[in-house]
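What follows is a short report on a single structure.
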Amino acid sequence: MKVNRKSVLALGALVASSALVLSGCASGGGDTADGGDTGEGSGDANAITVWVDIERKPALEGVAASFTEDTGIEVELVTKDFATVDQDFISQVPTGKGPDVIVSPHDKLGAYVAAGVVAPLELGDVASGFAESAIQAMTYDGNVYGVPYSIENVALVRNADLVAEPSTTFDEVIAKGREAGTTYPFLVGLSPEQGDPYHLYPLQTSFGSQVFAQNADGSYDSSNLVLGDEAGVEFATALKQWGAEGILNANIDGDRAREFFLAGESPYYLTGPWNTPAIAEAGINYVVDPLPSAGGEEARPFIGVNGFFLSSKSANALAATNFIVNYLSTEEAQLALFEVGGRPPALTAAYESAAASNPDVAAFGAIGQTGAPMPAIPEMGAVWSDWGNAELQLIKGEGDPQEVWETAATNIQTKIDG
């Protein structure tokens, strides 16, 4: 939805006056915070604070200036370390020291809702302009909590000078990779300590294996952990085989996988759009393909959706909502965020514009349409460690696949129950 700035002037004036009332009655107030340098909410009815990472801050400066021009309300863009920003948000919002708006990946949403630190948003007609999967990712227990701005997922990057045509199965990928005569037939970065369930998930889903069962509306059923089912054991068996055959290597982390691909040591690299600029800069003639199935079913990657969320304790909730819903949903704002991050925009019009001139965006975006939103439920916090360690153990050739996989599922269920 492209918003005509003149059409929101009246709304901006209403928001500004209404925010004065809200600032006096909002729980936690925010008036104890001192703003910009500390990253705390300003408590000023003529300002809203946005926590943003350093990469995206430049993209928001223009839209923030437009908002201020239209409404008279300042937007303070505060850069935060996004390795810890979710914990800071959860701890500071109840005290009134958090921001009015936070930029965050959607998989943190369940924890935010459980902690009571985000408020639902009414998107109205704005929602129809976004990819359905992006709105689904912003939804929790039937309520929409954020405006999405990007969708990201992994895909198979192929060196077209080493392998000219796409493959239809994962076995064919490996066969062609070996025929290419390079050091590695296939590359994917894995953590030597924790594996990488995120990158390996499309291979897992191709066996019909998921983590939690999904409801009819696409949401996840946190009471139904299905990781350890028969399909999961089949995937576990394949992991051990791929490790033994050198297809997966626990000693190749993300940095090494990128380095080896850039050096022409493999025709295939399972990665996301964040690495394609370096690949292009290296002069590699590359193509982005869907990852073919290894287990007979569609290989569905996790999709991660980034978005803007409203603090439940915002002293300027109306102004912050106006900024999120009416300004950050525009094609102009979404394309600005795309330019700095390279992730396909969540807004359909912005995605189509970016994809028309950028084949990488078109390819990753098309693959993402078939992806599965990463579960945003709090129970996912209990999943990653045992899941990744089981994968790593099997890739290293340790243990019986069924026993290792089912033990991991049992340990995860115990953590969830506890």
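Simple scheme: letters A, B, ... for chains in structure tokens order, numbers from 1 for residues in each chain, numbers from 1 for ligands in the order shown.
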Where does segment 210-296 of chain A meet segment 192-198 of chain A within 12 Å, residue by residue, with the nearest atom pair and distance in Å to one decimal for each, counting only C-alpha atoms, listed by chain and rising number, as JSON lines?
{"residue": "A:Gln210", "atom": "CA", "partner": "A:Pro197", "partner_atom": "CA", "distance": 11.0}
{"residue": "A:Val211", "atom": "CA", "partner": "A:Pro197", "partner_atom": "CA", "distance": 10.3}
{"residue": "A:Leu227", "atom": "CA", "partner": "A:Pro197", "partner_atom": "CA", "distance": 11.7}
{"residue": "A:Phe235", "atom": "CA", "partner": "A:Pro197", "partner_atom": "CA", "distance": 11.9}
{"residue": "A:Ala236", "atom": "CA", "partner": "A:Pro197", "partner_atom": "CA", "distance": 11.8}
{"residue": "A:Leu239", "atom": "CA", "partner": "A:Gly195", "partner_atom": "CA", "distance": 11.4}
{"residue": "A:Leu248", "atom": "CA", "partner": "A:Gly195", "partner_atom": "CA", "distance": 10.6}
{"residue": "A:Asn249", "atom": "CA", "partner": "A:Pro192", "partner_atom": "CA", "distance": 9.1}
{"residue": "A:Ala250", "atom": "CA", "partner": "A:Pro192", "partner_atom": "CA", "distance": 5.6}
{"residue": "A:Asn251", "atom": "CA", "partner": "A:Pro192", "partner_atom": "CA", "distance": 5.7}
{"residue": "A:Ile252", "atom": "CA", "partner": "A:Pro192", "partner_atom": "CA", "distance": 7.5}
{"residue": "A:Asp253", "atom": "CA", "partner": "A:Pro192", "partner_atom": "CA", "distance": 6.6}
{"residue": "A:Gly254", "atom": "CA", "partner": "A:Asp196", "partner_atom": "CA", "distance": 9.7}
{"residue": "A:Asp255", "atom": "CA", "partner": "A:Pro192", "partner_atom": "CA", "distance": 11.8}
{"residue": "A:Arg256", "atom": "CA", "partner": "A:Pro192", "partner_atom": "CA", "distance": 11.5}
{"residue": "A:Leu270", "atom": "CA", "partner": "A:Tyr198", "partner_atom": "CA", "distance": 11.1}
{"residue": "A:Thr271", "atom": "CA", "partner": "A:Tyr198", "partner_atom": "CA", "distance": 10.4}
{"residue": "A:Gly272", "atom": "CA", "partner": "A:Tyr198", "partner_atom": "CA", "distance": 11.0}
Per residue of segment 35-91 of chain A within 8 Å of segment 327-333 of chain A, note the shortest atom pair and the distance in Å to one decimal, counting only C-alpha atoms, and order the rows by chain and increasing residue number, as CSV.
residue,atom,partner,partner_atom,distance
A:Ala59,CA,A:Ala333,CA,7.5
A:Leu60,CA,A:Ala333,CA,7.3
A:Val63,CA,A:Ala333,CA,6.3
A:Phe67,CA,A:Tyr327,CA,7.2
Now that the selection is made, can you save its residues with N, CA, C and O atoms as a tab-separated table (two decimals), in the first residue's frame?
chain	number	residue	atom	x	y	z
A	59	ALA	N	18.34	3.27	6.08
A	59	ALA	CA	17.15	3.11	5.26
A	59	ALA	C	15.93	3.72	5.92
A	59	ALA	O	14.95	4.04	5.23
A	60	LEU	N	15.97	3.89	7.23
A	60	LEU	CA	14.81	4.43	7.94
A	60	LEU	C	14.88	5.94	8.12
A	60	LEU	O	13.88	6.56	8.52
A	63	VAL	N	12.26	7.83	5.74
A	63	VAL	CA	10.86	7.67	6.12
A	63	VAL	C	10.59	8.33	7.46
A	63	VAL	O	9.51	8.88	7.69
A	67	PHE	N	7.81	11.28	8.18
A	67	PHE	CA	6.84	11.18	9.27
A	67	PHE	C	6.87	12.43	10.15
A	67	PHE	O	5.82	12.98	10.51
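The neighbours of Ala282 of chain A here are the residues that come within 12 Å of it, using only C-alpha atoms and leaving out any residue fewer than 2 positions away in the same chain; they are Asn159, Arg258, Glu259, Phe260, Phe261, Leu262, Ala263, Gly264, Asn275, Thr276, Pro277, Ala278, Ile279, Ala280, Ile284, Asn285 and Tyr286 of chain A.
The space separating atom CA of Glu165 of chain A from atom CA of Glu298 of chain A comes to 19.5 Å.
Within segment 268-414 of chain A, the backbone-based DSSP assignment of strand (DSSP E or B) covers Tyr268, Tyr269, Leu270, Thr271, Tyr286, Val287, Val288, Asp289, Ser293, Phe302, Ile303, Gly304, Val305, Asn306, Gly307, Phe308, Phe309, Leu310, Ser311, Pro345, Leu347, Ala372 and Pro373 of chain A.
Of the residues under consideration (A:Ser293, A:Thr348, A:Ser66, A:Asn306), A:Asn306 shows the shortest atom-to-atom contact distance to Glu152 of chain A when counting only C-alpha atoms.
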- Message: Could you pull out the alpha helix (DSSP H) residues of segment 165-397 of chain A, going by DSSP on the backbone, and write them as a PyMOL selection string?
- Response: chain A and resi 170-179+197-205+230-244+254-262+276-281+317-322+331-341+348-357+359-368+384-395
- Find the residues near Pro290 of chain A: any atom within 9 Å, counting only C-alpha atoms, skip ones fewer than 2 places away on the same chain, and give them as JSON, numbers by chain. {"A": [154, 155, 156, 157, 166, 288, 292, 299, 363, 364, 366, 367]}
- Message: Taking 2 positions as the minimum chain separation for residues in the same chain, which residues sit within 12 Å of Ser353 of chain A when counting only C-alpha atoms? Answer as a PyMOL selection string.
- Response: chain A and resi 331-332+334-336+338-339+344-351+355-359+361-362
Any chance you can output those residues with N, CA and C atoms as a PDB file, in the first residue's frame?
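Contents of the output file selection_39.pdb:
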ATOM      1  N   GLU A 331       5.780   1.304  -0.399  1.00  0.00           N
ATOM      2  CA  GLU A 331       6.751   0.743  -1.334  1.00  0.00           C
ATOM      3  C   GLU A 331       8.094   1.452  -1.196  1.00  0.00           C
ATOM      4  N   GLU A 332       8.069   2.745  -0.985  1.00  0.00           N
ATOM      5  CA  GLU A 332       9.300   3.517  -0.838  1.00  0.00           C
ATOM      6  C   GLU A 332      10.125   3.020   0.350  1.00  0.00           C
ATOM      7  N   GLN A 334       9.872   0.105   1.948  1.00  0.00           N
ATOM      8  CA  GLN A 334      10.254  -1.293   1.808  1.00  0.00           C
ATOM      9  C   GLN A 334      11.414  -1.453   0.826  1.00  0.00           C
ATOM     10  N   LEU A 335      11.443  -0.642  -0.223  1.00  0.00           N
ATOM     11  CA  LEU A 335      12.550  -0.704  -1.175  1.00  0.00           C
ATOM     12  C   LEU A 335      13.833  -0.133  -0.567  1.00  0.00           C
ATOM     13  N   ALA A 336      13.698   0.874   0.281  1.00  0.00           N
ATOM     14  CA  ALA A 336      14.882   1.422   0.956  1.00  0.00           C
ATOM     15  C   ALA A 336      15.510   0.374   1.859  1.00  0.00           C
ATOM     16  N   PHE A 338      15.241  -2.829   1.418  1.00  0.00           N
ATOM     17  CA  PHE A 338      15.815  -3.835   0.519  1.00  0.00           C
ATOM     18  C   PHE A 338      17.196  -3.410   0.041  1.00  0.00           C
ATOM     19  N   GLU A 339      17.355  -2.149  -0.277  1.00  0.00           N
ATOM     20  CA  GLU A 339      18.629  -1.661  -0.810  1.00  0.00           C
ATOM     21  C   GLU A 339      19.768  -1.862   0.186  1.00  0.00           C
ATOM     22  N   PRO A 344      14.562 -10.042  -0.057  1.00  0.00           N
ATOM     23  CA  PRO A 344      13.352  -9.737  -0.824  1.00  0.00           C
ATOM     24  C   PRO A 344      12.310  -9.033   0.030  1.00  0.00           C
ATOM     25  N   PRO A 345      11.730  -7.949  -0.462  1.00  0.00           N
ATOM     26  CA  PRO A 345      10.726  -7.226   0.321  1.00  0.00           C
ATOM     27  C   PRO A 345       9.485  -8.070   0.582  1.00  0.00           C
ATOM     28  N   ALA A 346       8.835  -7.811   1.721  1.00  0.00           N
ATOM     29  CA  ALA A 346       7.609  -8.518   2.068  1.00  0.00           C
ATOM     30  C   ALA A 346       6.404  -7.912   1.364  1.00  0.00           C
ATOM     31  N   LEU A 347       6.467  -6.617   1.061  1.00  0.00           N
ATOM     32  CA  LEU A 347       5.392  -5.945   0.347  1.00  0.00           C
ATOM     33  C   LEU A 347       5.420  -6.393  -1.111  1.00  0.00           C
ATOM     34  N   THR A 348       4.321  -6.877  -1.611  1.00  0.00           N
ATOM     35  CA  THR A 348       4.288  -7.473  -2.947  1.00  0.00           C
ATOM     36  C   THR A 348       4.746  -6.494  -4.029  1.00  0.00           C
ATOM     37  N   ALA A 349       4.272  -5.267  -3.974  1.00  0.00           N
ATOM     38  CA  ALA A 349       4.643  -4.279  -4.991  1.00  0.00           C
ATOM     39  C   ALA A 349       6.139  -4.002  -4.957  1.00  0.00           C
ATOM     40  N   ALA A 350       6.712  -3.912  -3.753  1.00  0.00           N
ATOM     41  CA  ALA A 350       8.151  -3.672  -3.636  1.00  0.00           C
ATOM     42  C   ALA A 350       8.940  -4.882  -4.115  1.00  0.00           C
ATOM     43  N   TYR A 351       8.445  -6.076  -3.791  1.00  0.00           N
ATOM     44  CA  TYR A 351       9.121  -7.295  -4.254  1.00  0.00           C
ATOM     45  C   TYR A 351       9.126  -7.349  -5.784  1.00  0.00           C
ATOM     46  N   ALA A 355      12.412  -7.460  -7.937  1.00  0.00           N
ATOM     47  CA  ALA A 355      12.645  -8.677  -8.714  1.00  0.00           C
ATOM     48  C   ALA A 355      12.780  -8.391 -10.206  1.00  0.00           C
ATOM     49  N   ALA A 356      12.141  -7.318 -10.684  1.00  0.00           N
ATOM     50  CA  ALA A 356      12.182  -6.997 -12.108  1.00  0.00           C
ATOM     51  C   ALA A 356      13.592  -6.681 -12.587  1.00  0.00           C
ATOM     52  N   SER A 357      14.421  -6.175 -11.689  1.00  0.00           N
ATOM     53  CA  SER A 357      15.784  -5.802 -12.078  1.00  0.00           C
ATOM     54  C   SER A 357      16.855  -6.624 -11.370  1.00  0.00           C
ATOM     55  N   ASN A 358      16.414  -7.565 -10.534  1.00  0.00           N
ATOM     56  CA  ASN A 358      17.376  -8.342  -9.760  1.00  0.00           C
ATOM     57  C   ASN A 358      16.968  -9.814  -9.766  1.00  0.00           C
ATOM     58  N   PRO A 359      17.624 -10.647 -10.572  1.00  0.00           N
ATOM     59  CA  PRO A 359      17.235 -12.056 -10.671  1.00  0.00           C
ATOM     60  C   PRO A 359      17.416 -12.822  -9.362  1.00  0.00           C
ATOM     61  N   VAL A 361      16.717 -11.671  -6.344  1.00  0.00           N
ATOM     62  CA  VAL A 361      15.503 -11.405  -5.579  1.00  0.00           C
ATOM     63  C   VAL A 361      14.357 -12.247  -6.108  1.00  0.00           C
ATOM     64  N   ALA A 362      14.252 -12.304  -7.441  1.00  0.00           N
ATOM     65  CA  ALA A 362      13.183 -13.096  -8.050  1.00  0.00           C
ATOM     66  C   ALA A 362      13.312 -14.565  -7.671  1.00  0.00           C
TER      67      ALA A 362
END
With segment 118-128 of chain A as the partner and 10 Å as the cut-off, tabulate the residues of segment 35-107 of chain A that qualify, each row holding the nearest pair of atoms and their distance in Å to one decimal, using only C-alpha atoms, sorted by chain and rising number, as CSV.
residue,atom,partner,partner_atom,distance
A:Phe89,CA,A:Val118,CA,9.7
A:Ile90,CA,A:Val118,CA,9.2
A:Val93,CA,A:Val118,CA,8.8
A:Asp100,CA,A:Val118,CA,9.6
A:Val101,CA,A:Val118,CA,9.1
A:Ile102,CA,A:Val118,CA,9.4
- Can you tell me, as a ChimeraX atom specification, what residues are no more than 7 Å from segment 184-188 of chain A when counting only C-alpha atoms, ignoring any on the same chain fewer than 5 positions away? /A:174,177-178,247,257,265-271
